[in-house]
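Containing mmCIF, C-alpha atoms: start23.cif.
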```cif
data_entry
loop_
_atom_site.label_atom_id
_atom_site.label_comp_id
_atom_site.auth_asym_id
_atom_site.auth_seq_id
_atom_site.Cartn_x
_atom_site.Cartn_y
_atom_site.Cartn_z
CA MET A 214 19.10 -6.65 269.87
CA ILE A 215 16.88 -4.84 267.37
CA LEU A 216 18.20 -3.80 263.98
CA ALA A 217 16.35 -0.83 262.53
CA GLY A 218 16.79 0.65 259.09
CA ASP A 219 15.57 3.66 257.13
CA ILE A 220 16.27 2.99 253.45
CA GLY A 221 15.84 5.97 251.15
CA GLY A 222 16.86 6.88 247.65
CA THR A 223 19.78 8.95 248.95
CA LYS A 224 20.81 7.42 252.28
CA THR A 225 20.41 4.16 254.15
CA ASN A 226 20.51 4.66 257.92
CA LEU A 227 20.97 1.61 260.14
CA ALA A 228 21.08 1.32 263.94
CA LEU A 229 21.20 -1.27 266.70
CA PHE A 230 18.99 -0.88 269.78
CA ASP A 231 18.64 -2.87 272.98
CA VAL A 232 15.28 -4.61 273.05
CA GLY A 233 14.36 -2.90 276.35
CA ASP A 234 15.42 0.62 275.30
CA GLU A 235 12.25 2.73 275.57
CA SER A 236 13.76 6.06 274.49
CA LEU A 237 15.21 4.78 271.19
CA HIS A 238 17.34 7.92 270.93
CA ALA A 239 20.57 6.28 272.17
CA PRO A 240 21.33 3.35 269.83
CA ARG A 241 24.23 0.99 270.53
CA ALA A 242 25.54 1.68 267.03
CA ARG A 243 24.47 3.74 264.05
CA ALA A 244 25.80 4.23 260.53
CA SER A 245 24.76 5.88 257.26
CA TYR A 246 25.49 4.67 253.73
CA ALA A 247 25.05 6.25 250.28
CA SER A 248 22.31 3.98 248.91
CA ALA A 249 23.12 4.34 245.22
CA LYS A 250 26.70 3.13 245.74
CA TYR A 251 25.48 -0.38 246.59
CA ASP A 252 23.84 -2.95 244.36
CA SER A 253 21.52 -4.27 247.07
CA LEU A 254 20.33 -3.72 250.62
CA GLU A 255 21.90 -7.03 251.60
CA SER A 256 25.37 -5.70 250.73
CA ILE A 257 24.84 -2.69 253.02
CA LEU A 258 23.62 -4.93 255.84
CA ALA A 259 26.65 -7.20 255.45
CA GLU A 260 29.00 -4.20 255.72
CA PHE A 261 27.16 -2.86 258.77
CA ILE A 262 27.33 -6.22 260.55
CA ARG A 263 31.06 -6.59 259.74
CA GLU A 264 31.73 -3.14 261.19
CA HIS A 265 29.66 -3.44 264.38
CA ARG A 266 29.55 -7.19 265.13
CA PRO A 267 26.23 -7.12 267.02
CA ASP A 268 25.00 -9.70 269.50
CA LYS A 269 22.20 -11.88 268.19
CA ILE A 270 19.60 -9.79 266.35
CA VAL A 271 16.20 -10.82 267.73
CA ASP A 272 14.10 -8.55 265.54
CA ALA A 273 14.68 -6.35 262.52
CA CYS A 274 12.48 -3.73 260.92
CA LEU A 275 13.52 -2.09 257.69
CA ALA A 276 11.60 0.93 256.40
CA ILE A 277 11.85 1.41 252.65
CA ALA A 278 10.71 4.15 250.27
CA GLY A 279 8.22 2.21 248.18
CA PRO A 280 5.03 0.14 248.44
CA VAL A 281 5.36 -3.11 250.39
CA VAL A 282 3.42 -5.85 248.56
CA ARG A 283 3.53 -9.47 249.74
CA ASP A 284 6.77 -8.97 251.70
CA GLU A 285 8.52 -7.42 248.72
CA VAL A 286 9.43 -3.84 247.80
CA ARG A 287 10.58 -2.43 244.51
CA ALA A 288 12.34 0.67 245.77
CA THR A 289 10.87 3.79 244.17
CA ASN A 290 14.11 5.71 243.67
CA LEU A 291 16.63 2.85 243.62
CA ALA A 292 17.30 -0.05 241.24
CA TRP A 293 16.62 -2.54 244.03
CA THR A 294 14.04 -5.18 244.77
CA VAL A 295 14.01 -6.02 248.46
CA GLU A 296 12.55 -9.36 249.59
CA ARG A 297 11.87 -10.28 253.19
CA ALA A 298 12.98 -13.91 252.69
CA SER A 299 16.38 -12.75 251.46
CA LEU A 300 16.78 -10.43 254.46
CA VAL A 301 15.93 -13.23 256.88
CA ARG A 302 18.77 -15.27 255.38
CA ALA A 303 21.16 -12.32 255.46
CA LEU A 304 20.45 -11.34 259.07
CA GLY A 305 19.60 -14.62 260.73
CA ALA A 306 17.02 -12.75 262.82
CA SER A 307 14.00 -14.40 264.38
CA ARG A 308 11.68 -11.79 262.90
CA VAL A 309 12.18 -9.40 259.99
CA SER A 310 9.60 -6.80 258.98
CA LEU A 311 9.41 -4.60 255.89
CA ILE A 312 7.37 -1.43 256.19
CA ASN A 313 6.98 1.75 254.17
CA ASP A 314 9.33 4.58 255.21
CA LEU A 315 6.47 7.02 255.87
CA GLU A 316 4.78 4.38 258.02
CA ALA A 317 8.02 4.23 260.02
CA THR A 318 8.12 8.02 260.37
CA ALA A 319 4.55 7.88 261.65
CA TYR A 320 5.57 5.38 264.32
CA GLY A 321 8.57 7.56 265.17
CA ILE A 322 6.51 10.69 265.86
CA GLU A 323 5.54 9.33 269.26
CA THR A 324 9.21 9.01 270.26
CA LEU A 325 10.01 12.68 269.59
CA PRO A 326 10.57 15.22 272.37
CA THR A 327 8.95 18.66 272.07
CA GLU A 328 12.19 20.28 270.92
CA SER A 329 12.23 18.03 267.83
CA LEU A 330 9.06 19.68 266.51
CA PHE A 331 8.49 23.21 265.21
CA ALA A 332 4.92 24.53 265.15
CA LEU A 333 3.85 26.39 262.01
CA ASN A 334 0.26 26.48 263.26
CA GLU A 335 -0.95 25.78 266.79
CA GLY A 336 -4.51 24.98 265.69
CA GLU A 337 -7.07 24.30 268.37
CA GLY A 338 -4.65 22.17 270.33
CA LYS A 339 -6.72 19.00 270.75
CA ALA A 340 -4.70 16.23 272.35
CA GLY A 341 -6.31 13.29 270.55
CA GLY A 342 -7.53 12.56 267.06
CA HIS A 343 -6.19 11.27 263.79
CA ARG A 344 -2.89 12.57 262.42
CA ALA A 345 -1.54 13.09 258.93
CA LEU A 346 2.02 13.07 257.60
CA VAL A 347 3.53 14.48 254.42
CA ALA A 348 7.26 14.31 253.74
CA ALA A 349 9.33 15.59 250.84
CA GLY A 350 12.85 14.25 250.41
CA THR A 351 14.35 12.28 247.56
CA GLY A 352 10.71 11.43 246.81
CA LEU A 353 7.37 12.42 248.33
CA GLY A 354 5.46 10.35 250.87
CA MET A 355 2.16 10.64 252.69
CA ALA A 356 0.53 8.65 255.47
CA GLY A 357 -2.55 8.69 257.63
CA ILE A 358 -2.28 7.90 261.34
CA PHE A 359 -5.52 6.50 262.81
CA TRP A 360 -6.35 7.16 266.48
CA ASP A 361 -8.48 4.44 268.06
CA GLY A 362 -8.87 6.20 271.39
CA ALA A 363 -5.90 4.47 272.99
CA ARG A 364 -3.06 4.36 270.45
CA TYR A 365 -2.07 5.43 266.96
CA HIS A 366 -2.08 3.15 263.92
CA PRO A 367 -0.11 4.41 260.88
CA MET A 368 -1.62 3.75 257.48
CA PRO A 369 0.85 3.74 254.55
CA SER A 370 -0.08 5.19 251.18
CA GLU A 371 1.41 6.18 247.84
CA GLY A 372 -0.20 9.61 247.93
CA GLY A 373 2.95 11.22 246.60
CA HIS A 374 2.15 9.67 243.22
CA ALA A 375 -1.32 11.20 243.04
CA GLU A 376 -1.73 13.84 240.33
CA PHE A 377 -0.26 17.29 240.78
CA ALA A 378 -3.01 19.93 241.16
CA PRO A 379 -1.55 23.31 240.08
CA ARG A 380 -2.69 26.71 241.33
CA GLY A 381 -2.42 29.87 239.27
CA ARG A 382 -0.98 30.52 235.84
CA THR A 383 2.65 29.80 236.69
CA GLN A 384 1.87 26.39 238.19
CA LEU A 385 -0.43 25.58 235.25
CA ALA A 386 2.47 26.33 232.91
CA LEU A 387 4.68 24.15 235.13
CA LEU A 388 2.21 21.27 234.76
CA GLU A 389 2.30 21.55 230.96
CA TYR A 390 6.10 21.63 231.04
CA LEU A 391 6.18 18.49 233.21
CA ARG A 392 3.66 16.74 230.92
CA ARG A 393 5.96 17.29 227.96
CA LYS A 394 8.78 15.84 230.03
CA PHE A 395 7.09 12.90 231.79
CA GLY A 396 3.82 12.17 229.97
CA GLU A 397 0.17 12.82 230.72
CA HIS A 398 0.24 11.67 234.35
CA VAL A 399 2.30 14.10 236.42
CA SER A 400 2.52 13.10 240.07
CA ILE A 401 2.88 15.59 242.91
CA GLU A 402 6.35 14.12 243.51
CA ARG A 403 7.49 15.56 240.15
CA ALA A 404 7.20 19.01 241.73
CA LEU A 405 7.48 18.30 245.46
CA SER A 406 10.72 16.42 246.19
CA GLY A 407 14.43 16.98 245.69
CA LYS A 408 14.05 16.12 242.03
CA GLY A 409 10.89 18.23 241.95
CA LEU A 410 12.83 21.29 243.08
CA VAL A 411 15.19 20.76 240.16
CA ASN A 412 12.21 20.36 237.80
CA ILE A 413 10.79 23.71 238.95
CA TYR A 414 14.19 25.37 238.49
CA GLU A 415 14.56 23.98 234.96
CA PHE A 416 11.01 25.07 234.08
CA LEU A 417 11.64 28.66 235.16
CA ARG A 418 14.96 28.69 233.30
CA ASP A 419 13.83 26.94 230.10
CA GLU A 420 10.57 28.89 229.78
CA GLY A 421 12.33 32.23 230.24
CA HIS A 422 10.74 33.20 233.56
CA GLU A 423 14.10 33.89 235.21
CA GLU A 424 17.71 34.05 233.99
CA GLU A 425 20.21 31.46 235.17
CA PRO A 426 23.47 32.94 236.52
CA ALA A 427 26.56 31.41 234.90
CA TRP A 428 28.17 30.68 238.26
CA LEU A 429 25.12 28.75 239.47
CA ALA A 430 24.94 26.75 236.22
CA ARG A 431 28.60 25.73 236.73
CA GLU A 432 27.99 24.71 240.35
CA ILE A 433 24.94 22.62 239.45
CA ALA A 434 26.86 20.88 236.65
CA ASN A 435 29.57 19.79 239.11
CA VAL A 436 27.52 18.41 242.01
CA GLU A 437 25.47 15.27 242.57
CA ASP A 438 22.76 17.01 244.58
CA ALA A 439 21.53 19.90 242.42
CA ALA A 440 18.54 20.47 244.73
CA ALA A 441 20.80 21.26 247.69
CA THR A 442 22.80 23.73 245.59
CA ILE A 443 19.64 25.48 244.37
CA SER A 444 18.22 25.64 247.92
CA ALA A 445 21.46 27.05 249.31
CA ALA A 446 21.51 29.78 246.65
CA ALA A 447 17.89 30.62 247.43
CA LEU A 448 18.38 30.74 251.19
CA ALA A 449 21.41 33.01 250.72
CA CYS A 450 19.45 35.23 248.28
CA GLN A 451 22.20 34.78 245.68
CA SER A 452 19.95 34.12 242.67
CA GLN A 453 16.48 35.33 241.73
CA LEU A 454 15.96 32.08 239.77
CA ALA A 455 16.78 29.96 242.83
CA THR A 456 14.70 32.19 245.10
CA ARG A 457 11.64 31.94 242.86
CA THR A 458 12.16 28.16 242.56
CA LEU A 459 12.08 27.69 246.31
CA GLU A 460 9.08 30.01 246.66
CA ILE A 461 7.02 27.93 244.20
CA PHE A 462 8.21 24.73 245.91
CA VAL A 463 7.01 26.00 249.29
CA GLU A 464 3.68 27.10 247.79
CA ILE A 465 3.13 23.61 246.36
CA TYR A 466 4.16 22.05 249.69
CA GLY A 467 1.64 24.17 251.60
CA ALA A 468 -1.21 23.45 249.16
CA THR A 469 -0.46 19.72 249.21
CA ALA A 470 -0.47 19.71 253.02
CA GLY A 471 -3.78 21.59 253.04
CA ASN A 472 -5.37 19.10 250.66
CA LEU A 473 -4.18 16.23 252.85
CA THR A 474 -5.85 17.74 255.92
CA LEU A 475 -9.17 17.87 254.07
CA LEU A 476 -8.80 14.19 253.17
CA LEU A 477 -7.99 13.03 256.71
CA LYS A 478 -9.23 15.74 259.16
CA PRO A 479 -6.18 15.33 261.44
CA ALA A 480 -7.36 16.88 264.71
CA GLY A 481 -4.24 15.31 266.27
CA GLY A 482 -2.02 17.29 263.93
CA LEU A 483 -0.48 17.44 260.48
CA TYR A 484 3.24 16.61 260.50
CA ILE A 485 5.78 17.75 257.91
CA GLY A 486 8.57 15.19 257.66
CA GLY A 487 11.36 14.34 255.24
CA GLY A 488 14.85 15.70 254.81
CA ILE A 489 14.00 18.96 253.05
CA ALA A 490 11.73 20.73 255.56
CA PRO A 491 14.30 21.29 258.38
CA LYS A 492 16.81 22.67 255.86
CA ILE A 493 14.37 25.29 254.52
CA LEU A 494 12.62 26.04 257.81
CA ASP A 495 13.10 29.80 257.44
CA ARG A 496 11.13 29.74 254.18
CA LEU A 497 8.43 27.49 255.65
CA ARG A 498 7.87 29.89 258.54
CA ASN A 499 7.79 33.15 256.52
CA GLY A 500 4.07 32.78 255.75
CA THR A 501 4.22 31.37 252.21
CA PHE A 502 3.57 27.78 253.30
CA MET A 503 0.65 28.62 255.59
CA ARG A 504 -0.99 30.96 253.06
CA ALA A 505 -1.05 28.17 250.47
CA TYR A 506 -2.11 25.66 253.16
CA SER A 507 -4.98 27.88 254.31
CA GLU A 508 -6.47 28.69 250.90
CA MET A 509 -9.07 25.92 251.02
CA GLY A 510 -12.18 27.94 250.10
CA ARG A 511 -15.13 27.11 252.33
CA MET A 512 -12.93 24.69 254.31
CA SER A 513 -10.20 27.23 255.16
CA ALA A 514 -11.34 27.55 258.79
CA LEU A 515 -11.32 23.77 259.16
CA ALA A 516 -7.78 23.48 257.77
CA ASN A 517 -6.58 26.22 260.16
CA SER A 518 -8.08 24.39 263.14
CA PHE A 519 -5.46 21.62 262.86
CA PRO A 520 -1.97 21.86 264.39
CA VAL A 521 0.83 21.87 261.79
CA ARG A 522 4.28 20.79 262.98
CA VAL A 523 7.64 20.34 261.22
CA ILE A 524 9.70 17.32 262.28
CA LEU A 525 13.27 18.53 262.88
CA ASP A 526 14.93 15.16 263.63
CA ASP A 527 15.98 13.42 260.41
CA LYS A 528 16.28 10.06 262.21
CA THR A 529 12.55 9.84 262.99
CA ALA A 530 11.92 7.01 260.52
CA LEU A 531 14.80 5.07 262.09
CA TYR A 532 13.31 5.45 265.59
CA GLY A 533 9.93 4.47 264.15
CA ALA A 534 11.29 1.28 262.61
CA ALA A 535 12.76 0.33 265.97
CA ARG A 536 9.48 1.12 267.72
CA TYR A 537 7.58 -1.05 265.25
CA ALA A 538 9.91 -3.93 266.13
CA GLN A 539 9.43 -3.25 269.86
CA LEU A 540 5.66 -3.40 269.52
CA ARG A 541 6.00 -6.90 268.07
CA ASN A 542 7.88 -8.19 271.11
#
```
Please rewrite the model in this file as structure tokens.
Amino acid sequence: MILAGDIGGTKTNLALFDVGDESLHAPRARASYASAKYDSLESILAEFIREHRPDKIVDACLAIAGPVVRDEVRATNLAWTVERASLVRALGASRVSLINDLEATAYGIETLPTESLFALNEGEGKAGGHRALVAAGTGLGMAGIFWDGARYHPMPSEGGHAEFAPRGRTQLALLEYLRRKFGEHVSIERALSGKGLVNIYEFLRDEGHEEEPAWLAREIANVEDAAATISAAALACQSQLATRTLEIFVEIYGATAGNLTLLLKPAGGLYIGGGIAPKILDRLRNGTFMRAYSEMGRMSALANSFPVRVILDDKTALYGAARYAQLRN
């Protein structure tokens, strides 16, 4: 069997697949764990194995949010260091691979049916060509996907930690606010992630741009996931502060996606992954995202020539990890 894992700052998803399963959308077993409640990945794996008692695991691929360096990952949004040697001992598998979570999502794109994708921009519809991926969730990830004429080769990056490039006076003021909070280097992730959404909300509140309703302040104080509460209030049009927060977030998302297309020229498509996009799809499709995406000066026509698709299946990285393991067999 193949053990696949998608390890993020919020959730760890694990699944068992038959080695010969080509679809990868019907695992033998699957479970999700709250990452922060465990002191290590090994403890989650031990619990999963106790619960599901798999046959011999031939291959394992674990996709982790963070840079993989010499078979080791210091998780970006978790107090974990994950080492391949330790996982080999814990699993007893013949082969264990560690890859970046966005690299796994890139592998997973090819497993997705049409209904798992929503087109924000059809582009010129070329079948082949390089692809690009940007995904906001607990953190922010980016990846290039190289097309060699026969197959795709994902290329991991830490593009989410590149510097935030603001547009307009409000975003410039946001940058200065974030510099006071985090120091001179402000990454895109500080504004474009779950935590980034909260940062934008606090900026608008603290700098007097919008008033915070007392009921929303109470709700945020009593939940673990403030970003989800803010998004829900915005989508329901219950708070002008929340609505404006989500609008700026979507503008930054669109501009970041546009910049990525100019870096990689993805004739094969730009893909929007991560856990946030499907939940705010109505706001992504209302024109705000594509306006910010398209405002690329002399390169606007080029940016608009590329297909832009939202990944709706939040298990894509899990399927991609399994596919990576399959390709090794």
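Residue nearest A:Pro367, chosen from A:Gly381, A:Gly533, A:Gly510, A:Gly233 and counting all atoms listed in the file: A:Gly533.
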Would you place a box with edges along x, y and z of the file around all atoms of stretch 297-300 of chain A listed there, add 4 Å to each of its six sides, and report the centre and edge lengths in Å to one decimal, as AutoDock Vina command-line options?
```
--center_x 14.3 --center_y -12.1 --center_z 253.0 --size_x 12.9 --size_y 11.6 --size_z 11.0
```
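Taking all atoms listed in the file, the non-local environment of A:Arg496 within 12 Å (same-chain residues fewer than 5 positions away omitted) comprises A:Leu333, A:Ser444, A:Ala445, A:Ala447, A:Leu448, A:Ala449, A:Cys450, A:Thr456, A:Arg457, A:Thr458, A:Leu459, A:Glu460, A:Ile461, A:Phe462, A:Val463, A:Glu464, A:Tyr466, A:Gly467, A:Ile489, A:Ala490, A:Pro491, A:Thr501, A:Phe502, A:Met503.
Across A:Thr318, A:Glu264, A:Lys269, A:Ala249, the tightest approach to A:Ala288 is made by A:Ala249 when counting only C-alpha atoms.
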Once you count all atoms listed in the file, what closest atom pair and distance in Å to one decimal does each residue of stretch 302-331 of chain A within 10 Å of stretch 350-359 of chain A have, with rows by chain and rising residue number, as JSON lines?
```
{"residue": "A:Asn313", "atom": "CA", "partner": "A:Gly354", "partner_atom": "CA", "distance": 9.3}
{"residue": "A:Asp314", "atom": "CA", "partner": "A:Gly354", "partner_atom": "CA", "distance": 8.2}
{"residue": "A:Leu315", "atom": "CA", "partner": "A:Gly354", "partner_atom": "CA", "distance": 6.1}
{"residue": "A:Glu316", "atom": "CA", "partner": "A:Ala356", "partner_atom": "CA", "distance": 6.5}
{"residue": "A:Ala317", "atom": "CA", "partner": "A:Ala356", "partner_atom": "CA", "distance": 9.8}
{"residue": "A:Thr318", "atom": "CA", "partner": "A:Ala356", "partner_atom": "CA", "distance": 9.1}
{"residue": "A:Ala319", "atom": "CA", "partner": "A:Ile358", "partner_atom": "CA", "distance": 6.8}
{"residue": "A:Tyr320", "atom": "CA", "partner": "A:Ile358", "partner_atom": "CA", "distance": 8.8}
```
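Evaluated against this file, the PyMOL selection byres ((chain A and resi 214) around 6) yields A:Ile215, A:Phe230, A:Asp231, A:Val232, A:Ile270, A:Val271.
Of the residues listed (A:Glu376, A:Gln384, A:His238, A:Leu417), A:Glu376 shows the shortest atom-to-atom separation from A:Ser400; distances use all atoms listed in the file.
For A:Gly482, the non-local neighbours within 9 Å, defined as residues at least 2 positions apart in the same chain or in other chains and counting all atoms listed in the file, are Gly336, Gly338, Lys339, Ala340, Gly341, Gly342, His343, Arg344, Ala345, Leu346, Thr474, Lys478, Pro479, Ala480, Tyr484, Phe519, Pro520, Val521 and Arg522 of chain A.
With all atoms listed in the file as the atoms that count, the residue of A:Phe395, A:Tyr390, A:Tyr506, A:Tyr365 with the shortest distance to A:Gly471 is A:Tyr506.
You can rank A:Arg287, A:Lys224, A:His265, A:His398 by their closest distance to A:Tyr246 using only C-alpha atoms, and at the top of that list sits A:Lys224.
For the residues A:Trp428, A:Arg498, A:Leu475, A:Gly481, ranking by smallest atom-to-atom distance to A:Gly362 using only C-alpha atoms places A:Gly481 first.
Once the PyMOL selection byres ((chain A and resi 524-527) around 8) is applied to the depicted file, the selected set reads Ser329, Leu330, Phe331, Tyr484, Ile485, Gly486, Gly487, Gly488, Ala490, Pro491, Arg522, Val523, Lys528, Thr529 and Ala530 of chain A.
Atom to atom, atom CA of A:Ala535 and atom CA of A:Leu237 stand 7.3 Å apart.
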Distance of atom CA of A:Ala348 from atom CA of A:His366, expressed in Å to one decimal place: 17.8 Å
